[in-house]
Structures are given as C-alpha cells and as structure tokens.
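*Asks:* File target_31.cif below, mmCIF, C-alpha atoms and all ligand atoms:
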```
data_upload
loop_
_atom_site.label_atom_id
_atom_site.label_comp_id
_atom_site.auth_asym_id
_atom_site.auth_seq_id
_atom_site.Cartn_x
_atom_site.Cartn_y
_atom_site.Cartn_z
CA MET A 1 55.37 -4.49 6.59
CA GLY A 2 52.98 -2.44 8.69
CA THR A 3 49.47 -2.83 10.03
CA MET A 4 46.50 -1.26 8.29
CA LEU A 5 43.22 -0.90 10.18
CA VAL A 6 40.18 -0.68 7.90
CA THR A 7 36.92 0.47 9.52
CA GLY A 8 33.72 -0.65 7.80
CA GLY A 9 35.73 -3.19 5.81
CA ALA A 10 32.83 -5.65 5.66
CA GLY A 11 30.65 -3.17 3.75
CA PHE A 12 30.48 -2.47 0.03
CA ILE A 13 33.38 -0.09 -0.68
CA GLY A 14 35.45 -1.20 2.32
CA SER A 15 35.45 -4.88 1.34
CA ASN A 16 36.38 -4.05 -2.25
CA PHE A 17 39.19 -1.92 -0.80
CA VAL A 18 40.40 -4.78 1.41
CA ARG A 19 40.43 -7.13 -1.60
CA MET A 20 42.58 -4.60 -3.48
CA ALA A 21 44.82 -4.05 -0.44
CA CYS A 22 45.51 -7.79 -0.17
CA GLU A 23 46.87 -7.65 -3.73
CA ARG A 24 48.75 -4.38 -3.43
CA THR A 25 50.37 -4.31 0.00
CA ASP A 26 52.26 -6.60 2.36
CA ASP A 27 50.53 -4.95 5.31
CA HIS A 28 48.78 -6.99 7.95
CA ILE A 29 45.15 -5.95 7.50
CA VAL A 30 42.74 -5.68 10.40
CA VAL A 31 39.07 -5.01 9.65
CA VAL A 32 36.83 -3.58 12.35
CA ASP A 33 33.14 -3.63 11.50
CA LYS A 34 29.98 -3.59 13.59
CA LEU A 35 28.19 -5.83 11.08
CA THR A 36 25.07 -3.72 10.82
CA TYR A 37 22.50 -4.84 8.23
CA ALA A 38 25.00 -3.49 5.63
CA GLY A 39 28.05 -5.45 6.80
CA ASN A 40 28.67 -9.04 5.77
CA THR A 41 31.75 -11.15 6.51
CA ALA A 42 31.03 -13.09 3.31
CA ASN A 43 32.31 -9.96 1.53
CA LEU A 44 35.78 -10.83 2.89
CA GLY A 45 35.59 -14.54 2.02
CA GLY A 46 38.95 -16.05 1.08
CA LEU A 47 40.96 -12.97 2.09
CA ASP A 48 43.88 -13.17 4.52
CA VAL A 49 42.74 -10.54 7.04
CA GLU A 50 42.05 -10.30 10.76
CA PHE A 51 38.40 -9.52 11.47
CA VAL A 52 37.15 -7.81 14.63
CA GLN A 53 33.44 -7.29 15.13
CA GLY A 54 32.86 -4.03 16.97
CA ASP A 55 31.59 -0.46 17.00
CA ILE A 56 33.92 2.41 16.05
CA ALA A 57 32.16 4.51 18.69
CA GLU A 58 33.45 2.18 21.42
CA PRO A 59 36.53 4.01 22.83
CA SER A 60 38.35 1.12 24.53
CA LEU A 61 38.03 -1.19 21.53
CA ILE A 62 39.15 1.50 19.09
CA ASP A 63 42.01 2.69 21.29
CA GLY A 64 43.45 -0.84 21.37
CA LEU A 65 43.11 -1.36 17.62
CA VAL A 66 44.56 2.02 16.64
CA ALA A 67 47.46 1.55 19.09
CA ASN A 68 48.61 -1.37 16.93
CA ALA A 69 48.01 0.28 13.53
CA ASP A 70 50.32 2.37 11.34
CA THR A 71 47.54 3.40 8.98
CA VAL A 72 43.78 3.72 9.48
CA VAL A 73 41.42 3.83 6.49
CA HIS A 74 38.00 4.93 7.68
CA PHE A 75 35.01 3.68 5.66
CA ALA A 76 32.61 2.81 8.50
CA ALA A 77 29.38 4.80 8.33
CA GLU A 78 25.66 4.55 7.99
CA SER A 79 25.46 5.19 4.26
CA HIS A 80 21.88 5.22 2.93
CA ASN A 81 19.97 8.49 2.52
CA ASP A 82 16.52 6.85 2.56
CA ASN A 83 17.28 5.19 5.92
CA SER A 84 18.47 8.51 7.36
CA LEU A 85 15.09 10.04 6.51
CA ARG A 86 13.33 7.28 8.49
CA ASP A 87 15.65 7.22 11.52
CA PRO A 88 18.67 9.54 11.75
CA SER A 89 19.91 8.37 15.17
CA SER A 90 22.31 5.64 13.99
CA PHE A 91 23.78 8.16 11.52
CA VAL A 92 24.65 10.56 14.34
CA HIS A 93 26.08 7.67 16.35
CA SER A 94 28.28 6.04 13.69
CA ASN A 95 29.19 8.96 11.46
CA LEU A 96 29.76 11.61 14.14
CA ILE A 97 30.47 9.85 17.46
CA GLY A 98 32.26 7.03 15.61
CA THR A 99 34.56 9.41 13.72
CA PHE A 100 35.19 11.43 16.89
CA THR A 101 36.16 8.25 18.76
CA LEU A 102 38.53 7.21 15.98
CA LEU A 103 40.11 10.68 15.85
CA GLU A 104 40.86 10.64 19.55
CA ALA A 105 42.65 7.28 19.19
CA VAL A 106 44.56 8.49 16.10
CA ARG A 107 45.65 11.60 18.02
CA LYS A 108 46.84 9.55 20.97
CA HIS A 109 48.74 6.93 18.95
CA ASN A 110 49.99 9.05 16.00
CA ALA A 111 48.52 6.80 13.31
CA ARG A 112 48.12 7.99 9.71
CA LEU A 113 44.40 8.40 8.91
CA HIS A 114 42.54 8.50 5.63
CA HIS A 115 38.90 9.54 6.00
CA ILE A 116 36.42 8.45 3.32
CA SER A 117 33.68 10.95 2.57
CA THR A 118 31.14 11.83 -0.08
CA ASP A 119 30.21 14.46 -2.66
CA GLU A 120 26.90 14.93 -0.84
CA VAL A 121 28.53 17.20 1.75
CA PHE A 122 28.43 19.98 -0.88
CA GLY A 123 24.64 19.79 -1.27
CA ASP A 124 23.33 19.69 -4.82
CA LEU A 125 23.41 21.61 -8.09
CA ALA A 126 20.52 22.43 -10.44
CA VAL A 127 19.94 19.64 -13.00
CA ASP A 128 20.96 21.90 -15.88
CA SER A 129 23.95 23.43 -14.07
CA PRO A 130 27.34 23.11 -15.79
CA GLU A 131 29.10 23.54 -12.42
CA ARG A 132 31.06 20.87 -10.54
CA PHE A 133 32.04 20.64 -6.89
CA THR A 134 35.69 21.42 -6.12
CA GLU A 135 37.58 20.90 -2.86
CA THR A 136 36.78 24.51 -1.88
CA THR A 137 33.03 24.44 -2.58
CA PRO A 138 31.23 25.42 0.67
CA TYR A 139 29.48 22.61 2.54
CA ASN A 140 25.67 22.60 2.24
CA PRO A 141 24.36 19.11 3.09
CA SER A 142 20.67 18.25 2.64
CA SER A 143 19.85 14.97 4.43
CA PRO A 144 20.67 13.60 7.90
CA TYR A 145 23.12 11.26 6.12
CA SER A 146 25.00 14.00 4.30
CA ALA A 147 24.87 16.34 7.32
CA THR A 148 26.55 13.72 9.52
CA LYS A 149 29.16 13.02 6.83
CA ALA A 150 29.79 16.78 6.56
CA GLY A 151 30.16 16.95 10.33
CA SER A 152 32.66 14.09 10.29
CA ASP A 153 34.76 15.90 7.65
CA HIS A 154 34.76 19.03 9.83
CA LEU A 155 35.93 16.97 12.81
CA VAL A 156 38.82 15.51 10.79
CA ARG A 157 39.90 18.98 9.60
CA ALA A 158 39.71 20.34 13.15
CA TRP A 159 41.88 17.48 14.44
CA ILE A 160 44.41 18.16 11.65
CA ARG A 161 44.59 21.86 12.43
CA SER A 162 44.23 21.81 16.22
CA PHE A 163 46.15 18.67 17.07
CA GLY A 164 48.36 18.11 14.01
CA ILE A 165 47.15 14.60 13.25
CA GLU A 166 48.42 13.11 9.96
CA ALA A 167 45.23 12.80 7.98
CA THR A 168 43.82 13.14 4.48
CA ILE A 169 40.20 13.25 3.31
CA SER A 170 38.55 12.17 0.06
CA ASN A 171 35.08 13.05 -1.17
CA CYS A 172 33.82 10.65 -3.80
CA SER A 173 30.75 10.51 -6.02
CA ASN A 174 28.22 7.62 -6.26
CA ASN A 175 29.87 4.19 -6.41
CA TYR A 176 28.58 1.05 -8.11
CA GLY A 177 29.98 -2.46 -8.46
CA PRO A 178 29.94 -5.90 -6.81
CA TYR A 179 28.94 -6.31 -3.13
CA GLN A 180 26.80 -3.14 -3.02
CA HIS A 181 23.78 -3.52 -0.74
CA ILE A 182 20.55 -4.03 -2.70
CA GLU A 183 18.88 -1.05 -1.00
CA LYS A 184 20.97 1.21 -3.30
CA PHE A 185 19.80 2.37 -6.74
CA ILE A 186 21.76 0.22 -9.19
CA PRO A 187 21.75 -3.15 -7.35
CA ARG A 188 18.09 -2.66 -6.42
CA GLN A 189 17.16 -2.38 -10.09
CA ILE A 190 19.37 -5.29 -11.16
CA THR A 191 17.92 -7.60 -8.51
CA ASN A 192 14.36 -6.39 -9.25
CA LEU A 193 14.78 -7.38 -12.88
CA LEU A 194 16.43 -10.70 -11.96
CA ASP A 195 13.37 -11.30 -9.75
CA GLY A 196 10.87 -10.50 -12.50
CA ARG A 197 9.83 -7.18 -10.89
CA PRO A 198 10.03 -3.86 -12.73
CA ALA A 199 12.90 -1.47 -11.96
CA LYS A 200 11.78 1.49 -9.78
CA LEU A 201 12.59 5.08 -10.71
CA TYR A 202 12.02 7.83 -8.12
CA GLY A 203 9.92 10.70 -9.51
CA THR A 204 10.77 11.76 -13.05
CA GLY A 205 14.35 10.46 -12.83
CA GLU A 206 15.88 13.69 -14.09
CA GLN A 207 18.43 13.70 -11.23
CA VAL A 208 22.10 13.23 -12.05
CA ARG A 209 24.64 11.18 -10.09
CA ASP A 210 28.32 11.18 -11.08
CA TRP A 211 28.75 7.37 -11.14
CA ILE A 212 32.15 5.79 -10.53
CA HIS A 213 33.12 2.12 -10.39
CA VAL A 214 34.15 1.08 -6.86
CA ASP A 215 37.57 -0.10 -8.08
CA ASP A 216 38.30 3.34 -9.50
CA HIS A 217 37.33 4.89 -6.15
CA ASN A 218 39.60 2.53 -4.23
CA ASP A 219 42.45 3.00 -6.70
CA ALA A 220 42.19 6.73 -5.92
CA VAL A 221 42.29 6.00 -2.18
CA PHE A 222 45.55 4.10 -2.74
CA ALA A 223 46.96 7.05 -4.73
CA ILE A 224 46.16 9.31 -1.75
CA LEU A 225 47.63 6.88 0.78
CA GLU A 226 50.82 6.56 -1.27
CA ARG A 227 51.28 10.09 -2.66
CA GLY A 228 48.71 12.37 -1.02
CA HIS A 229 49.77 15.40 1.00
CA ILE A 230 48.96 15.33 4.70
CA GLY A 231 46.16 17.72 5.63
CA GLU A 232 44.73 17.80 2.10
CA THR A 233 41.33 16.89 0.71
CA TYR A 234 40.88 15.26 -2.71
CA ASN A 235 37.70 15.03 -4.77
CA ILE A 236 37.20 11.70 -6.56
CA GLY A 237 34.98 11.37 -9.65
CA ALA A 238 35.06 9.84 -13.11
CA ASP A 239 33.37 12.59 -15.18
CA ASN A 240 30.04 10.79 -15.54
CA ASP A 241 28.11 13.86 -14.40
CA HIS A 242 25.72 14.06 -17.33
CA ILE A 243 23.79 10.78 -17.06
CA THR A 244 20.31 11.05 -15.51
CA ASN A 245 18.83 8.34 -13.26
CA LYS A 246 16.32 7.71 -16.06
CA ARG A 247 19.13 7.09 -18.53
CA VAL A 248 20.87 4.73 -16.07
CA ILE A 249 17.68 2.73 -15.50
CA GLU A 250 17.04 2.61 -19.26
CA LEU A 251 20.55 1.25 -19.78
CA ILE A 252 20.05 -1.43 -17.09
CA CYS A 253 16.71 -2.35 -18.71
CA GLU A 254 18.40 -2.51 -22.12
CA LEU A 255 21.21 -4.74 -20.81
CA MET A 256 18.73 -7.01 -18.96
CA ASP A 257 15.77 -6.82 -21.32
CA GLY A 258 13.48 -5.39 -18.59
CA LYS A 259 11.05 -2.57 -17.86
CA PHE A 260 10.87 0.21 -15.27
CA VAL A 261 8.05 2.09 -13.51
CA HIS A 262 7.98 5.50 -11.80
CA VAL A 263 7.48 5.47 -8.00
CA ALA A 264 7.20 8.12 -5.26
CA ASP A 265 10.06 10.60 -5.20
CA ARG A 266 12.53 10.89 -2.29
CA PRO A 267 11.66 13.84 0.02
CA GLY A 268 14.24 16.62 -0.38
CA HIS A 269 15.80 14.70 -3.30
CA ASP A 270 19.20 16.15 -4.25
CA GLN A 271 19.11 17.05 -7.95
CA ARG A 272 22.61 16.84 -9.32
CA TYR A 273 26.06 15.88 -8.03
CA ALA A 274 29.15 16.54 -10.15
CA MET A 275 32.76 16.20 -9.03
CA ASP A 276 35.80 18.06 -10.30
CA ALA A 277 38.69 15.63 -9.69
CA THR A 278 41.36 17.80 -11.37
CA LYS A 279 43.49 18.02 -8.22
CA LEU A 280 43.67 14.24 -7.86
CA ARG A 281 44.39 13.77 -11.57
CA THR A 282 47.05 16.45 -11.88
CA GLU A 283 48.78 16.30 -8.48
CA LEU A 284 48.66 12.54 -7.91
CA GLY A 285 48.45 11.28 -11.51
CA TRP A 286 45.26 9.26 -10.93
CA SER A 287 42.78 8.43 -13.66
CA PRO A 288 39.79 6.05 -13.74
CA LYS A 289 39.93 2.76 -15.67
CA TYR A 290 36.18 2.57 -16.38
CA THR A 291 35.76 5.40 -18.87
CA GLY A 292 33.89 6.24 -22.04
CA THR A 293 31.81 9.01 -23.45
CA GLY A 294 28.14 9.57 -22.62
CA VAL A 295 26.38 6.56 -21.23
CA ASP A 296 29.25 4.38 -22.51
CA GLY A 297 31.16 5.50 -19.42
CA LEU A 298 28.83 3.13 -17.56
CA ARG A 299 28.09 0.34 -20.02
CA GLU A 300 31.13 -1.88 -19.33
CA GLY A 301 31.03 -1.49 -15.54
CA LEU A 302 27.25 -2.05 -15.43
CA ALA A 303 27.46 -5.18 -17.58
CA GLN A 304 30.13 -6.57 -15.22
CA THR A 305 28.04 -5.62 -12.17
CA ILE A 306 24.88 -7.22 -13.60
CA ALA A 307 26.85 -10.43 -14.24
CA TRP A 308 28.08 -10.39 -10.63
CA TYR A 309 24.53 -10.13 -9.16
CA ARG A 310 23.31 -12.81 -11.58
CA ASP A 311 26.13 -15.14 -10.49
CA ASN A 312 25.80 -14.37 -6.76
CA GLU A 313 22.09 -14.66 -6.03
CA SER A 314 22.76 -16.37 -2.69
CA TRP A 315 24.62 -13.21 -1.57
CA TRP A 316 21.56 -10.92 -1.99
CA ARG A 317 18.52 -13.21 -1.91
CA GLY A 318 18.13 -13.22 1.89
CA ALA A 319 17.71 -9.43 2.12
CA LYS A 320 15.49 -8.85 -0.91
CA GLU A 321 11.96 -9.34 0.47
CA ALA A 322 12.50 -7.14 3.53
CA VAL A 323 14.13 -4.35 1.49
CA GLU A 324 11.26 -4.32 -1.02
CA LYS A 325 8.65 -4.44 1.76
CA GLN A 326 10.17 -1.33 3.35
CA TYR A 327 10.24 0.52 0.02
CA GLU A 328 6.63 -0.51 -0.62
CA LEU A 329 5.59 1.13 2.67
CA GLN A 330 7.14 4.35 1.32
CA GLY A 331 5.33 4.05 -2.02
CA GLN A 332 8.62 3.23 -3.66
P1 LIG B 401 27.97 0.33 3.42
O1 LIG B 401 26.73 0.74 4.13
O2 LIG B 401 27.90 -0.71 2.36
O3 LIG B 401 29.05 -0.18 4.48
C1 LIG B 401 29.27 0.45 5.71
C2 LIG B 401 29.97 -0.53 6.64
O4 LIG B 401 30.24 0.16 7.87
C3 LIG B 401 29.13 -1.76 6.99
O5 LIG B 401 29.92 -2.93 6.88
C4 LIG B 401 28.69 -1.51 8.43
O6 LIG B 401 28.51 -2.71 9.16
C5 LIG B 401 29.85 -0.69 8.95
N1 LIG B 401 29.47 0.17 10.09
C6 LIG B 401 28.43 1.03 10.17
N2 LIG B 401 28.42 1.63 11.39
C7 LIG B 401 29.49 1.14 12.08
C8 LIG B 401 30.01 1.36 13.38
N3 LIG B 401 29.43 2.23 14.23
N4 LIG B 401 31.13 0.70 13.74
C9 LIG B 401 31.72 -0.19 12.90
N5 LIG B 401 31.27 -0.45 11.67
C10 LIG B 401 30.16 0.21 11.25
O7 LIG B 401 28.58 1.69 2.87
P2 LIG B 401 29.51 1.97 1.61
O8 LIG B 401 28.66 2.33 0.47
O9 LIG B 401 30.52 0.90 1.48
O10 LIG B 401 30.22 3.31 2.11
C11 LIG B 401 31.47 3.28 2.78
C12 LIG B 401 31.94 4.70 3.02
O11 LIG B 401 32.07 5.39 1.78
C13 LIG B 401 30.99 5.53 3.87
O12 LIG B 401 31.78 6.35 4.72
C14 LIG B 401 30.25 6.38 2.86
O13 LIG B 401 29.82 7.60 3.43
C15 LIG B 401 31.32 6.59 1.82
N6 LIG B 401 30.86 6.86 0.45
C16 LIG B 401 29.98 6.00 -0.15
C17 LIG B 401 29.61 6.23 -1.47
C18 LIG B 401 28.66 5.30 -2.19
O14 LIG B 401 28.27 5.60 -3.31
N7 LIG B 401 28.29 4.17 -1.64
C19 LIG B 401 30.12 7.33 -2.16
C20 LIG B 401 31.02 8.20 -1.50
C21 LIG B 401 31.40 7.94 -0.20
O1 LIG B 402 15.00 2.58 -6.08
C1 LIG B 402 15.58 3.66 -6.25
N1 LIG B 402 15.20 4.44 -7.31
C2 LIG B 402 15.78 5.65 -7.58
O2 LIG B 402 15.40 6.32 -8.54
C3 LIG B 402 16.66 4.12 -5.40
C4 LIG B 402 17.10 3.29 -4.24
C5 LIG B 402 17.24 5.33 -5.69
N2 LIG B 402 16.82 6.09 -6.75
C6 LIG B 402 17.52 7.36 -7.05
C7 LIG B 402 17.81 8.27 -5.88
C8 LIG B 402 19.11 8.93 -6.28
O3 LIG B 402 18.86 10.05 -7.11
O4 LIG B 402 18.80 6.98 -7.55
C9 LIG B 402 19.81 7.87 -7.10
C10 LIG B 402 20.87 7.10 -6.33
O5 LIG B 402 20.28 6.68 -5.11
P1 LIG B 402 21.11 5.92 -3.98
O6 LIG B 402 21.71 4.68 -4.55
O7 LIG B 402 20.26 5.80 -2.78
O8 LIG B 402 22.35 6.92 -3.75
P2 LIG B 402 22.45 8.45 -3.25
O9 LIG B 402 21.31 8.85 -2.39
O10 LIG B 402 22.76 9.28 -4.45
O11 LIG B 402 23.76 8.32 -2.30
C11 LIG B 402 24.88 7.49 -2.71
O12 LIG B 402 25.95 8.25 -3.19
C12 LIG B 402 26.66 9.05 -2.27
C13 LIG B 402 25.34 6.61 -1.55
O13 LIG B 402 24.26 5.84 -1.06
C14 LIG B 402 25.97 7.45 -0.46
O14 LIG B 402 26.50 6.60 0.56
C15 LIG B 402 27.09 8.27 -1.06
O15 LIG B 402 27.61 9.14 -0.11
#
```
Show me the file's structure as structure tokens.
Ligand code: NAD
Ligand code: TDX

*Replies:*
Amino acid sequence: MGTMLVTGGAGFIGSNFVRMACERTDDHIVVVDKLTYAGNTANLGGLDVEFVQGDIAEPSLIDGLVANADTVVHFAAESHNDNSLRDPSSFVHSNLIGTFTLLEAVRKHNARLHHISTDEVFGDLAVDSPERFTETTPYNPSSPYSATKAGSDHLVRAWIRSFGIEATISNCSNNYGPYQHIEKFIPRQITNLLDGRPAKLYGTGEQVRDWIHVDDHNDAVFAILERGHIGETYNIGADNDHITNKRVIELICELMDGKFVHVADRPGHDQRYAMDATKLRTELGWSPKYTGTGVDGLREGLAQTIAWYRDNESWWRGAKEAVEKQYELQGQ
C-alpha cells in the first residue's frame, strides 16, 4: 500500500477519479485542493480519503505533501475558457506556477507524477476537417486557459528531459458526467431546463467537441498509471468527434422535453477538437465503455448525467443564479 496525492481532487474530474481510486486501489489517498469556486468537499462525501485545503502554488505545503507520496496525480487547474477570457491571472497562477511548484517537489522527492492535460493545447481544426490531433501535433493554443495548460505540459516535459523525473502526461477531450460545475456546457443546459429556462447555444453551434464520459477518462488515467511508459504522452478520446454543439443541445432538449435559444458567441471560439487515441488503445489496451455510433455515443451517458442533476438539485442550486447572472452580462 502506498500513498497517492491527488491535486484538484475536489473538482469535477478529480473527485470522480478519487471515487474510482477508492474502489481500485489500497493506496492511502490524500487530496489537496484550494477549494476555489469549482472545488467542493461534498464531491468527496462518504469517501475514505485525507483532505488538505491548500494551494498547489504554495511551496512549503506542496513539498511536505509530495515528500509523503509515492504517486502524484495532478488535476488541479483553473479549467473554464470563458473565465480565462474575463480574468486570466488565476490561470497563470494555478496552471503555470502551481505546476512548476509541484514539479520542483516531485524532482526533490522522486515521486511518480501523472499530469492531466487537455486537447485544447493543440488549438483547433476547421469544422469540416477530417483530421484528428495526435501526440505529435504541434501546440497552438488559443485562449489564456489553453495557453497556460500548454505551458504546464511544456514544463512537465522539460522536467522529464532535464531532470529525469518519472512522469507521464495525458491530453483528454471534453468530459461530461456527474459533479461537473454548472458553468460548463452540458450541465448548464441540463440545469437551465430543470429550472424552466431555455438551453443556451453559443453562436450557430456548428462547433465540434469530442465528448467523453468522465469515467472513461479516469479509466484511461488508471491504464497510464498502471501500464504507461515513463516520459510518454497519451491522447484520450472516445471517437465522438462528429457531433456538433447544436446536435448535443438538441439531444439534451429531446431527452428533457425542452427548447434552446442562440446566444452571443464566445470570442475566439475554437471550432473543432478531435482526438486520435490510437496509442492508448493499442499500446495500453484501453477502450471507452460509453460508446455508440453517431449521437448514440452520447445518449446513454447524457441520460445518466441528466438523472444525476435531477436527483442532486441541492448540489448545484446554490451556484445557479450567480452563474446565469454572469453569463447574462456577456449576452450569453
Ligand atoms: P474543475 O474546475 O472542476 O476542478 C478543478 C479543481 O482544482 C477544483 O477543485 C479547484 O478548487 C482546484 N484548484 C484550482 N486551482 C488550484 C490551486 N491553485 N491549488 C489547489 N487546487 C486548485 O476542473 P475539471 O474539469 O475537473 O478539470 C480537471 C483537470 O482536467 C484540469 O487540469 C483540466 O485542465 C483537465 N481537463 C479537463 C477537461 C474537461 O472537459 N473538464 C478535459 C481535459 C482536461
Ligand atoms: O452555455 C454554453 N453554450 C455553448 O454553446 C456554454 C457554457 C458553452 N457552449 C459551447 C462552447 C464550446 O464550444 O459548448 C462547447 C463546450 O464549452 P465548455 O463546456 O465551456 O468547454 P470547452 O471550452 O470546450 O472546454 C472544455 O473542454 C476542454 C473544458 O472546460 C476544459 O477544461 C477542457 O480542457
């Protein structure tokens, strides 16, 4: 039995990861999370983990936690593009300074690190492009969010090459599932419809996101932790790269018997993300559980996610008015 330190483990993907880790490993799990607006200890309710509230950019705190860890899984980040367009400073702090601080502790204490990143580091593709991002696609980020995530990936690679730290990186496409903050596309629409508001589609909605269920993402992270090669990067995606935002919102409206309206587009809106996860599938034998063809790749996972938000109104209710007020100011 070892000790696993999970940064950002009170957020959406991190808390789903911790829930999976409690089932899959005997490790003692320590979660460090700053509890920004996006972190919530209720996400870890009922789980047997040690929780430490703190900032990953705080060197003395992180040094002490990493000194006692065998493995570090690094989810902590500012994660919302729209927020990064309003105020990028917390993105530079958490995503760049935070990752740097963690890397220095990992280097000093020889811990095994897995760094969680995103498909957005590659920039975007044209909506009608048949291309997908591979692990060797050049970085070309668009927003302050994706630029700071790209920078954090570069830092991890530099620490692998220059200092020989034992690290892996994964770049995943858009996640959905339970415990996702209601500022994000899918839970925003579900909670709008539950509230009797219309769903809100940015611009024409022709953009494409390569949606993956959060459990499939985290299952891939486990595959990398267990069988991944040190120093390597793995793309994670579930081959849903043909479903437009409009089609997703139509499906949510169909499942919930609701309507949507068009609102102001996001400035600099990335058009299409598409991940080629061949390396992960062939080298590590991973495959997603939530699959299907066309929009059916999303139907089952969306129905489950809608049921979760319907059953857990107390989890999201408190944040709803303020989130919608902010979007309203942006014409969204
Ligand atoms: P989230 O915003 O729901 O959670 C982030 C968590 O990190 C929160 O609990 C927050 O309190 C914590 N945090 C932020 N800054 C911190 C700091 N300085 N110190 C300690 N804790 C801090 O985000 P998420 O959607 O769960 O994303 C998790 C990771 O996965 C991020 O690195 C993100 O870039 C990456 N990712 C997300 C997606 C997606 O679709 N959501 C896709 C690919 C990759
Ligand atoms: O109300 C909305 N209406 C809408 O049409 C919102 C909030 C979004 N959108 C559009 C914008 C995007 O094209 O939906 C798409 C998805 O938007 P987000 O949920 O904000 O995700 P995105 O910007 O694609 O980034 C997500 O995936 C990659 C995560 O938030 C990132 O953390 C991850 O790295």

*Asks:* What do you get as a VMD selection string if you pick all residues at most 7 Å from ligand LIG 401 (chain B), counting all atoms listed in the file?

*Replies:* chain A and resid 7 to 14 32 to 40 54 to 57 75 to 80 93 to 94 98 116 to 119 149 171 to 176 180 to 181

*Asks:* Of the candidates A:Leu61, A:Ile190, A:Leu251, A:Ala303, which one gets nearest to ligand LIG 402 (chain B) if we count only C-alpha atoms and all ligand atoms?

*Replies:* A:Ile190

*Asks:* Would you compute, for all listed atoms of segment 148-159 of chain A, the axis-aligned bounding box grown by 6 Å on each side, and then report its centre and edge lengths in Å rounded to one decimal, as lines of an AutoDock Vina configuration file?

*Replies:*
```
center_x = 34.2
center_y = 16.7
center_z = 10.5
size_x = 27.3
size_y = 19.3
size_z = 19.9
```

*Asks:* Would you mind listing what lies within 12 Å of Ala264 of chain A as a list in words, with all atoms listed in the file counted and same-chain residues fewer than 2 positions away left out?

*Replies:*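 Residues meeting the cut-off are Lys200, Leu201, Tyr202, Gly203, Thr204, Gly205, Val261, His262, Arg266, Pro267, His269, Tyr327, Glu328, Leu329, Gln330, Gly331 and Gln332 of chain A.
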
*Asks:* Now that the selection is made, can you save its residues with C-alpha atoms as an mmCIF file, in the frame of the given file?

*Replies:*
```
data_model
loop_
_atom_site.group_PDB
_atom_site.id
_atom_site.type_symbol
_atom_site.label_atom_id
_atom_site.label_comp_id
_atom_site.auth_asym_id
_atom_site.auth_seq_id
_atom_site.Cartn_x
_atom_site.Cartn_y
_atom_site.Cartn_z
ATOM 1 C CA LYS A 200 11.780 1.490 -9.780
ATOM 2 C CA LEU A 201 12.590 5.080 -10.710
ATOM 3 C CA TYR A 202 12.020 7.830 -8.120
ATOM 4 C CA GLY A 203 9.920 10.700 -9.510
ATOM 5 C CA THR A 204 10.770 11.760 -13.050
ATOM 6 C CA GLY A 205 14.350 10.460 -12.830
ATOM 7 C CA VAL A 261 8.050 2.090 -13.510
ATOM 8 C CA HIS A 262 7.980 5.500 -11.800
ATOM 9 C CA ARG A 266 12.530 10.890 -2.290
ATOM 10 C CA PRO A 267 11.660 13.840 0.020
ATOM 11 C CA HIS A 269 15.800 14.700 -3.300
ATOM 12 C CA TYR A 327 10.240 0.520 0.020
ATOM 13 C CA GLU A 328 6.630 -0.510 -0.620
ATOM 14 C CA LEU A 329 5.590 1.130 2.670
ATOM 15 C CA GLN A 330 7.140 4.350 1.320
ATOM 16 C CA GLY A 331 5.330 4.050 -2.020
ATOM 17 C CA GLN A 332 8.620 3.230 -3.660
#
```

*Asks:* What are the closest atom pairs, with distances in Å to one decimal, for each residue of segment 60-132 of chain A lying within 8 Å of segment 273-283 of chain A, using all atoms listed in the file, rows by chain and rising residue number, as CSV?

*Replies:*
```
residue,atom,partner,partner_atom,distance
A:Asp119,CA,A:Tyr273,CA,6.9
A:Glu120,CA,A:Tyr273,CA,7.3
A:Gly123,CA,A:Tyr273,CA,7.9
A:Asp124,CA,A:Tyr273,CA,5.7
A:Leu125,CA,A:Tyr273,CA,6.3
A:Glu131,CA,A:Ala274,CA,7.4
A:Arg132,CA,A:Ala274,CA,4.7
```

*Asks:* What's the separation between atom CA of Val92 of chain A and atom CA of Ser152 of chain A, in Å to one decimal place?

*Replies:*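 That distance, rounded to one decimal, is 9.6 Å.
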
*Asks:* Looking at A:Asn235, A:Ile249, A:Trp315, A:Ser162, which one is nearest to Thr137 of chain A, with distances taken over only C-alpha atoms?

*Replies:*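 Nearest to Thr137 of chain A: A:Asn235.
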
*Asks:* For Pro144 of chain A, find every residue with an atom within 6 Å (counting all atoms listed in the file), except residues of its own chain fewer than 3 positions away, and show them as a PyMOL selection string.

*Replies:* chain A and resi 84+88+147

*Asks:* Looking at A:Pro198, A:Gly164, A:Gly45, A:Gly228, which one is nearest to ligand LIG 402 (chain B), with distances taken over only C-alpha atoms and all ligand atoms?

*Replies:*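 Checking each of A:Pro198, A:Gly164, A:Gly45, A:Gly228 against ligand LIG 402 (chain B), counting only C-alpha atoms and all ligand atoms, the winner is A:Pro198.
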